[in-house]
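What follows is a single structure, written as structure tokens, with notes after it.
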Amino acid sequence: MSIEMVSLKYRNTFALPVNVEHLALVDKIELMLQVWQQTQKYQMPLLVLGEGSNVLFLEDFAGTVMLNQFKGIDIREDVNTWHLHISSGENWHDLVCYTLQAGIAGLENLALIPGLVGGAAVQNIGAYGIELQNVCEYVDLLELFTGAINRIPVADCGFGYRESIFKHAFQNGYIILALGLCLSKKWRPMLEYEAFSHLDSATVTPTQIFNFVCAKRKMNLPDPRKIGNAGSFFKNPLVSEKKYESLISQYPRMPHYPQLCGKFKLAAGWLIDQCELKGYRLGGAAVHGQQALVLVNADNATGQEIVALARHVRNTVASKFDVWLEPEVRFIGVMGELNGVEVLS
């Protein structure tokens, strides 16, 4: 199904009033290929969009937006493991709920993360000590040039902190069709984060962790249905041990998380908060008053106003801490995705 010249205001969680020349709702591989062939014929840019929960439109999009509505969940099991095959158009949080209701644990730490299953792979979503890569077996990828479907094993997905090969080599001309997840039947709670310190690993249940994570996220993050936002706008920065030691000597209470690579992850929200930017406003865009990591559409903001605010936040943090934040949100220009760091530089 294709719709001509339509507003995307209600299809991006920033609620930005941008338009697209063509909107295609696709739920079959054949339709995906048809839309791709049409854009190639007329030399139009193509953007695959889920729920618009991690994108920032800078302006109207001069091409076709393909809305992924590819559905389906298949579950099989062996003696020790649950194997899930999930179509990319499924809602991620609904999947977490579905698995728990089916008696399958392992995704509870990732509850209430917005977006679709396909976007989860692109971003390598993570929360409270777990990332998608920890439970992923494979990603099924449709090559639009040929119609071939390739299964990419997790080891070849280039997963890193909010990183994947689907942001780079497989960004254009490919669509994620499905994920394969592998969840052990010997469930072990992941309670390493300080937020879980009140929970007892010997008695806690997956549902208790799920309920706690949902309550925590609802408390910390504004509801995009009430005020436009894309959740965490910036990634938590990774710094060298030398840089960490310099900062911790000045700010002993600075949150920090040692990484296996020898670097330290810092809390971007804390850095922004220390710059006293909560509530800071630029035009219709603002830093959220309770959660500094979230930029919001406070009053009919434009994409450019949110960019200007993000640039100010980034420069202010760099001036105070000599740490440059990188956006987690994807920046979309008139012809397609842009490099967020370059836009903010």
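Simple scheme: letters A, B, ... for chains in structure tokens order, numbers from 1 for residues in each chain, numbers from 1 for ligands in the order shown.
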
With only C-alpha atoms as the counted atoms, please give the residues lying no more than 6 Å from Ala301 (chain A), apart from itself and same-chain residues fewer than 4 positions off, as a ChimeraX atom specification.
/A:284-285,297

### 9 Å contact set for region 194-202 of chain A, only C-alpha atoms, chain neighbours under 4 positions out, as an NGL selection string
:A and (128 or 188-190 or 208-209 or 212 or 216)

Please produce a file of those selected residues containing N, CA and C atoms, as a compact mmCIF listing (two decimals), in the first residue's frame.
# COMPACT_ATOMS: atom_id res chain seq x y z
N TYR A 128 20.73 -2.20 31.46
CA TYR A 128 20.93 -2.93 32.71
C TYR A 128 21.78 -4.19 32.55
N ARG A 188 19.57 -17.25 34.56
CA ARG A 188 20.36 -16.63 35.61
C ARG A 188 20.10 -15.13 35.58
N PRO A 189 19.64 -14.54 36.70
CA PRO A 189 19.34 -13.10 36.69
C PRO A 189 20.59 -12.27 36.50
N MET A 190 20.45 -11.21 35.72
CA MET A 190 21.54 -10.25 35.51
C MET A 190 21.27 -9.04 36.39
N GLN A 208 9.68 -10.10 38.31
CA GLN A 208 10.04 -9.03 39.24
C GLN A 208 11.06 -8.08 38.60
N ILE A 209 12.02 -8.62 37.89
CA ILE A 209 13.00 -7.78 37.20
C ILE A 209 12.31 -6.96 36.12
N PHE A 212 10.37 -4.12 37.68
CA PHE A 212 11.26 -3.09 38.19
C PHE A 212 11.82 -2.24 37.04
N LYS A 216 11.26 1.71 36.48
CA LYS A 216 12.44 2.58 36.43
C LYS A 216 12.46 3.42 35.16

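One distance worth recording is that between CA of Asp299 (chain A) and CA of Ile272 (chain A), which is 21.4 Å.
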
Give one line per residue of region 133-232 of chain A that approaches region 90-112 of chain A to at most 7 Å, naming the two atoms of the closest pair and their distance in Å to one decimal, counting only C-alpha atoms; sort by chain then ascending residue number and deliver it as a Markdown table.
| residue | atom | partner | partner_atom | distance |
| --- | --- | --- | --- | --- |
| A:Leu183 | CA | A:Gly106 | CA | 6.0 |
| A:Trp187 | CA | A:Ala105 | CA | 6.5 |
| A:Pro206 | CA | A:Ala105 | CA | 6.1 |
| A:Ile209 | CA | A:Glu108 | CA | 6.3 |
| A:Phe210 | CA | A:Glu108 | CA | 4.7 |
| A:Val213 | CA | A:Asn109 | CA | 6.4 |
| A:Cys214 | CA | A:Leu112 | CA | 6.0 |

Could those residues be written to a file, using C-alpha atoms, as a PDB file, in the first residue's frame?
ATOM      1  CA  LEU A 183      17.681 -18.032  25.452  1.00  0.00           C
ATOM      2  CA  TRP A 187      17.933 -18.746  33.640  1.00  0.00           C
ATOM      3  CA  PRO A 206      12.108 -12.698  35.755  1.00  0.00           C
ATOM      4  CA  ILE A 209      13.003  -7.780  37.198  1.00  0.00           C
ATOM      5  CA  PHE A 210      10.664  -6.920  34.311  1.00  0.00           C
ATOM      6  CA  VAL A 213      12.818  -2.181  34.821  1.00  0.00           C
ATOM      7  CA  CYS A 214       9.473  -0.912  33.494  1.00  0.00           C
TER       8      CYS A 214
END

Each residue of region 126-166 of chain A with at least one atom at most 10 Å from region 20-44 of chain A should appear once, together with its nearest atom pair and the corresponding distance in Å (one decimal); atoms considered: only C-alpha atoms; ordering: chain, then increasing residue number; output as CSV.
residue,atom,partner,partner_atom,distance
A:Leu142,CA,A:Ile29,CA,8.3
A:Glu143,CA,A:Leu33,CA,9.2
A:Leu144,CA,A:Leu33,CA,6.1
A:Phe145,CA,A:Trp36,CA,8.4
A:Thr146,CA,A:Leu33,CA,9.1
A:Gly147,CA,A:Leu33,CA,7.0
A:Ile149,CA,A:Ile29,CA,10.0

If we count only C-alpha atoms, what is near Asn339 (chain A) at a cut-off of 12 Å, once residues fewer than 3 positions away on the same chain are taken out, given as a ChimeraX atom specification?
/A:56,167-168,326-333,336,342-345

Deliver the residues from the most recent selection as a file, using N, CA, C and O atoms, as a PDB file, in the first residue's frame.
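What landed in out_32.pdb:
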ATOM      1  N   LEU A  56      15.774  11.412  14.088  1.00  0.00           N
ATOM      2  CA  LEU A  56      15.562  12.858  14.125  1.00  0.00           C
ATOM      3  C   LEU A  56      15.526  13.352  12.689  1.00  0.00           C
ATOM      4  O   LEU A  56      16.548  13.349  11.998  1.00  0.00           O
ATOM      5  N   LYS A 167      24.556  -0.539  10.367  1.00  0.00           N
ATOM      6  CA  LYS A 167      24.688   0.917  10.269  1.00  0.00           C
ATOM      7  C   LYS A 167      25.709   1.319   9.209  1.00  0.00           C
ATOM      8  O   LYS A 167      25.840   2.502   8.907  1.00  0.00           O
ATOM      9  N   HIS A 168      26.423   0.342   8.683  1.00  0.00           N
ATOM     10  CA  HIS A 168      27.547   0.650   7.815  1.00  0.00           C
ATOM     11  C   HIS A 168      27.441  -0.125   6.495  1.00  0.00           C
ATOM     12  O   HIS A 168      26.746   0.301   5.591  1.00  0.00           O
ATOM     13  N   GLU A 326      28.604  11.536  21.503  1.00  0.00           N
ATOM     14  CA  GLU A 326      28.130  11.145  20.176  1.00  0.00           C
ATOM     15  C   GLU A 326      26.635  10.841  20.244  1.00  0.00           C
ATOM     16  O   GLU A 326      26.173  10.223  21.213  1.00  0.00           O
ATOM     17  N   PRO A 327      25.882  11.257  19.250  1.00  0.00           N
ATOM     18  CA  PRO A 327      24.429  10.995  19.288  1.00  0.00           C
ATOM     19  C   PRO A 327      24.115   9.524  19.107  1.00  0.00           C
ATOM     20  O   PRO A 327      24.766   8.821  18.330  1.00  0.00           O
ATOM     21  N   GLU A 328      23.133   9.058  19.842  1.00  0.00           N
ATOM     22  CA  GLU A 328      22.601   7.712  19.665  1.00  0.00           C
ATOM     23  C   GLU A 328      21.488   7.734  18.622  1.00  0.00           C
ATOM     24  O   GLU A 328      21.270   6.762  17.900  1.00  0.00           O
ATOM     25  N   VAL A 329      20.799   8.852  18.539  1.00  0.00           N
ATOM     26  CA  VAL A 329      19.690   9.031  17.600  1.00  0.00           C
ATOM     27  C   VAL A 329      20.229   9.138  16.170  1.00  0.00           C
ATOM     28  O   VAL A 329      21.283   9.736  15.930  1.00  0.00           O
ATOM     29  N   ARG A 330      19.494   8.568  15.217  1.00  0.00           N
ATOM     30  CA  ARG A 330      19.868   8.639  13.798  1.00  0.00           C
ATOM     31  C   ARG A 330      19.347   9.948  13.199  1.00  0.00           C
ATOM     32  O   ARG A 330      18.183  10.296  13.377  1.00  0.00           O
ATOM     33  N   PHE A 331      20.192  10.666  12.475  1.00  0.00           N
ATOM     34  CA  PHE A 331      19.832  11.932  11.849  1.00  0.00           C
ATOM     35  C   PHE A 331      19.436  11.670  10.400  1.00  0.00           C
ATOM     36  O   PHE A 331      20.195  11.075   9.639  1.00  0.00           O
ATOM     37  N   ILE A 332      18.234  12.153  10.015  1.00  0.00           N
ATOM     38  CA  ILE A 332      17.717  11.923   8.668  1.00  0.00           C
ATOM     39  C   ILE A 332      17.559  13.260   7.946  1.00  0.00           C
ATOM     40  O   ILE A 332      16.804  14.136   8.384  1.00  0.00           O
ATOM     41  N   GLY A 333      18.280  13.413   6.846  1.00  0.00           N
ATOM     42  CA  GLY A 333      18.184  14.610   6.027  1.00  0.00           C
ATOM     43  C   GLY A 333      17.262  14.399   4.843  1.00  0.00           C
ATOM     44  O   GLY A 333      16.582  13.369   4.731  1.00  0.00           O
ATOM     45  N   GLY A 336      18.376  11.219   3.008  1.00  0.00           N
ATOM     46  CA  GLY A 336      18.683   9.994   3.736  1.00  0.00           C
ATOM     47  C   GLY A 336      19.455  10.264   5.016  1.00  0.00           C
ATOM     48  O   GLY A 336      19.543  11.405   5.493  1.00  0.00           O
ATOM     49  N   GLU A 342      29.081  14.542  12.444  1.00  0.00           N
ATOM     50  CA  GLU A 342      29.421  15.589  11.474  1.00  0.00           C
ATOM     51  C   GLU A 342      28.385  16.704  11.504  1.00  0.00           C
ATOM     52  O   GLU A 342      28.743  17.891  11.380  1.00  0.00           O
ATOM     53  N   VAL A 343      27.124  16.348  11.659  1.00  0.00           N
ATOM     54  CA  VAL A 343      26.082  17.374  11.717  1.00  0.00           C
ATOM     55  C   VAL A 343      26.285  18.282  12.916  1.00  0.00           C
ATOM     56  O   VAL A 343      26.086  19.514  12.841  1.00  0.00           O
ATOM     57  N   LEU A 344      26.693  17.711  14.052  1.00  0.00           N
ATOM     58  CA  LEU A 344      26.835  18.480  15.278  1.00  0.00           C
ATOM     59  C   LEU A 344      28.178  19.202  15.378  1.00  0.00           C
ATOM     60  O   LEU A 344      28.350  20.059  16.256  1.00  0.00           O
ATOM     61  N   SER A 345      29.116  18.845  14.542  1.00  0.00           N
ATOM     62  CA  SER A 345      30.448  19.446  14.616  1.00  0.00           C
ATOM     63  C   SER A 345      30.470  20.867  14.055  1.00  0.00           C
ATOM     64  O   SER A 345      29.650  21.229  13.231  1.00  0.00           O
TER      65      SER A 345
END

Could you name the residues that touch Tyr280 (chain A) at 10 Å or less, counting only C-alpha atoms, but leaving out those on the same chain fewer than 3 positions away, as a compact mmCIF listing (two decimals) with N, CA and C atoms, in the first residue's frame?
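Output below, filename selection-v3.txt:
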# COMPACT_ATOMS: atom_id res chain seq x y z
N GLU A 276 24.70 21.81 34.30
CA GLU A 276 23.50 22.55 34.69
C GLU A 276 22.62 22.88 33.48
N LEU A 277 22.42 21.86 32.64
CA LEU A 277 21.65 22.06 31.42
C LEU A 277 20.22 21.51 31.51
N ALA A 285 12.88 23.50 21.39
CA ALA A 285 13.57 22.30 21.89
C ALA A 285 14.12 22.56 23.29
N ALA A 286 14.17 21.49 24.10
CA ALA A 286 14.65 21.66 25.47
C ALA A 286 15.32 20.39 25.96
N VAL A 287 16.23 20.56 26.94
CA VAL A 287 16.76 19.43 27.69
C VAL A 287 15.71 19.10 28.75
N HIS A 288 15.35 17.86 28.86
CA HIS A 288 14.29 17.48 29.80
C HIS A 288 14.65 17.88 31.22
N GLY A 289 13.67 18.34 31.96
CA GLY A 289 13.91 18.87 33.28
C GLY A 289 14.28 17.83 34.32
N ALA A 292 18.52 14.59 32.02
CA ALA A 292 19.35 15.45 31.16
C ALA A 292 19.75 14.77 29.85
N LEU A 295 16.50 14.93 25.08
CA LEU A 295 16.10 16.20 24.48
C LEU A 295 14.65 16.06 24.04
N LEU A 309 20.23 22.57 19.69
CA LEU A 309 20.28 22.28 21.12
C LEU A 309 21.30 21.18 21.40
N HIS A 312 24.76 22.51 21.22
CA HIS A 312 25.10 23.30 22.41
C HIS A 312 25.44 22.38 23.59
N VAL A 313 24.64 21.34 23.78
CA VAL A 313 24.90 20.39 24.86
C VAL A 313 26.26 19.73 24.67

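Here CA of Ser7 (chain A) is placed at a distance of 13.6 Å from CA of Met66 (chain A).
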
If you run DSSP over the backbone, which residues in region 87-130 of chain A end up alpha helix (DSSP H)? Put them as a VMD selection string.
chain A and resid 92 to 101 117 to 123

Practice item. Using only C-alpha atoms, find the one residue out of A:Arg217, A:Leu8, A:Gln133, A:Phe14 that sits nearest to Phe61 (chain A). Key: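 Ranking A:Arg217, A:Leu8, A:Gln133, A:Phe14 by distance to Phe61 (chain A), first place goes to A:Leu8.
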
In Å, with one decimal, what is the gap from CA of Leu325 (chain A) to CA of Val48 (chain A)?
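So the two atoms, CA of Leu325 (chain A) and CA of Val48 (chain A), lie 26.1 Å apart.
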
Among A:Pro237, A:Gly89, A:Gly228, A:Pro222, Thr302 (chain A) is approached most closely, using only C-alpha atoms, by A:Gly228

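Every residue of region 3-73 of chain A with a DSSP assignment of strand (DSSP E or B), taken from the backbone, is listed as Ile3, Glu4, Met5, Val6, Ser7, Asn19, Val20, Glu21, His22, Leu23, Ala24, Leu25, Val26, Leu46, Leu47, Val48, Leu49, Val55, Leu56, Phe57, Phe61, Ala62, Gly63, Thr64, Val65, Met66, Leu67, Asn68 and Ile73 of chain A.
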
* Could you give me, as a PyMOL selection string, the residues within 10 Å of Trp324 (chain A), counting only C-alpha atoms and dropping anything in the same chain fewer than 4 positions from it? => chain A and resi 237-239+268+313-319+341

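The neighbours of Glu77 (chain A) here are the residues that come within 12 Å of it, using only C-alpha atoms and leaving out any residue fewer than 3 positions away in the same chain; they are Asp74, Asn80, Thr81, Trp82, His83, Leu84, His85, Ile104, Leu181, Cys182, Leu183, Ser184 and Lys185 of chain A.
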
Using only C-alpha atoms, the best pick from A:Leu49, A:Val204, A:Ala169, A:Ile86 as closest to Gly119 (chain A) would be A:Leu49

Exercise for the section: List the neighbours of region 250-253 of chain A out to 12 Å using only C-alpha atoms; skip same-chain residues closer than 4 positions along the sequence, and give me the result as a PyMOL selection string. Expected result: chain A and resi 243-246+266-267+270-271+274+320-321
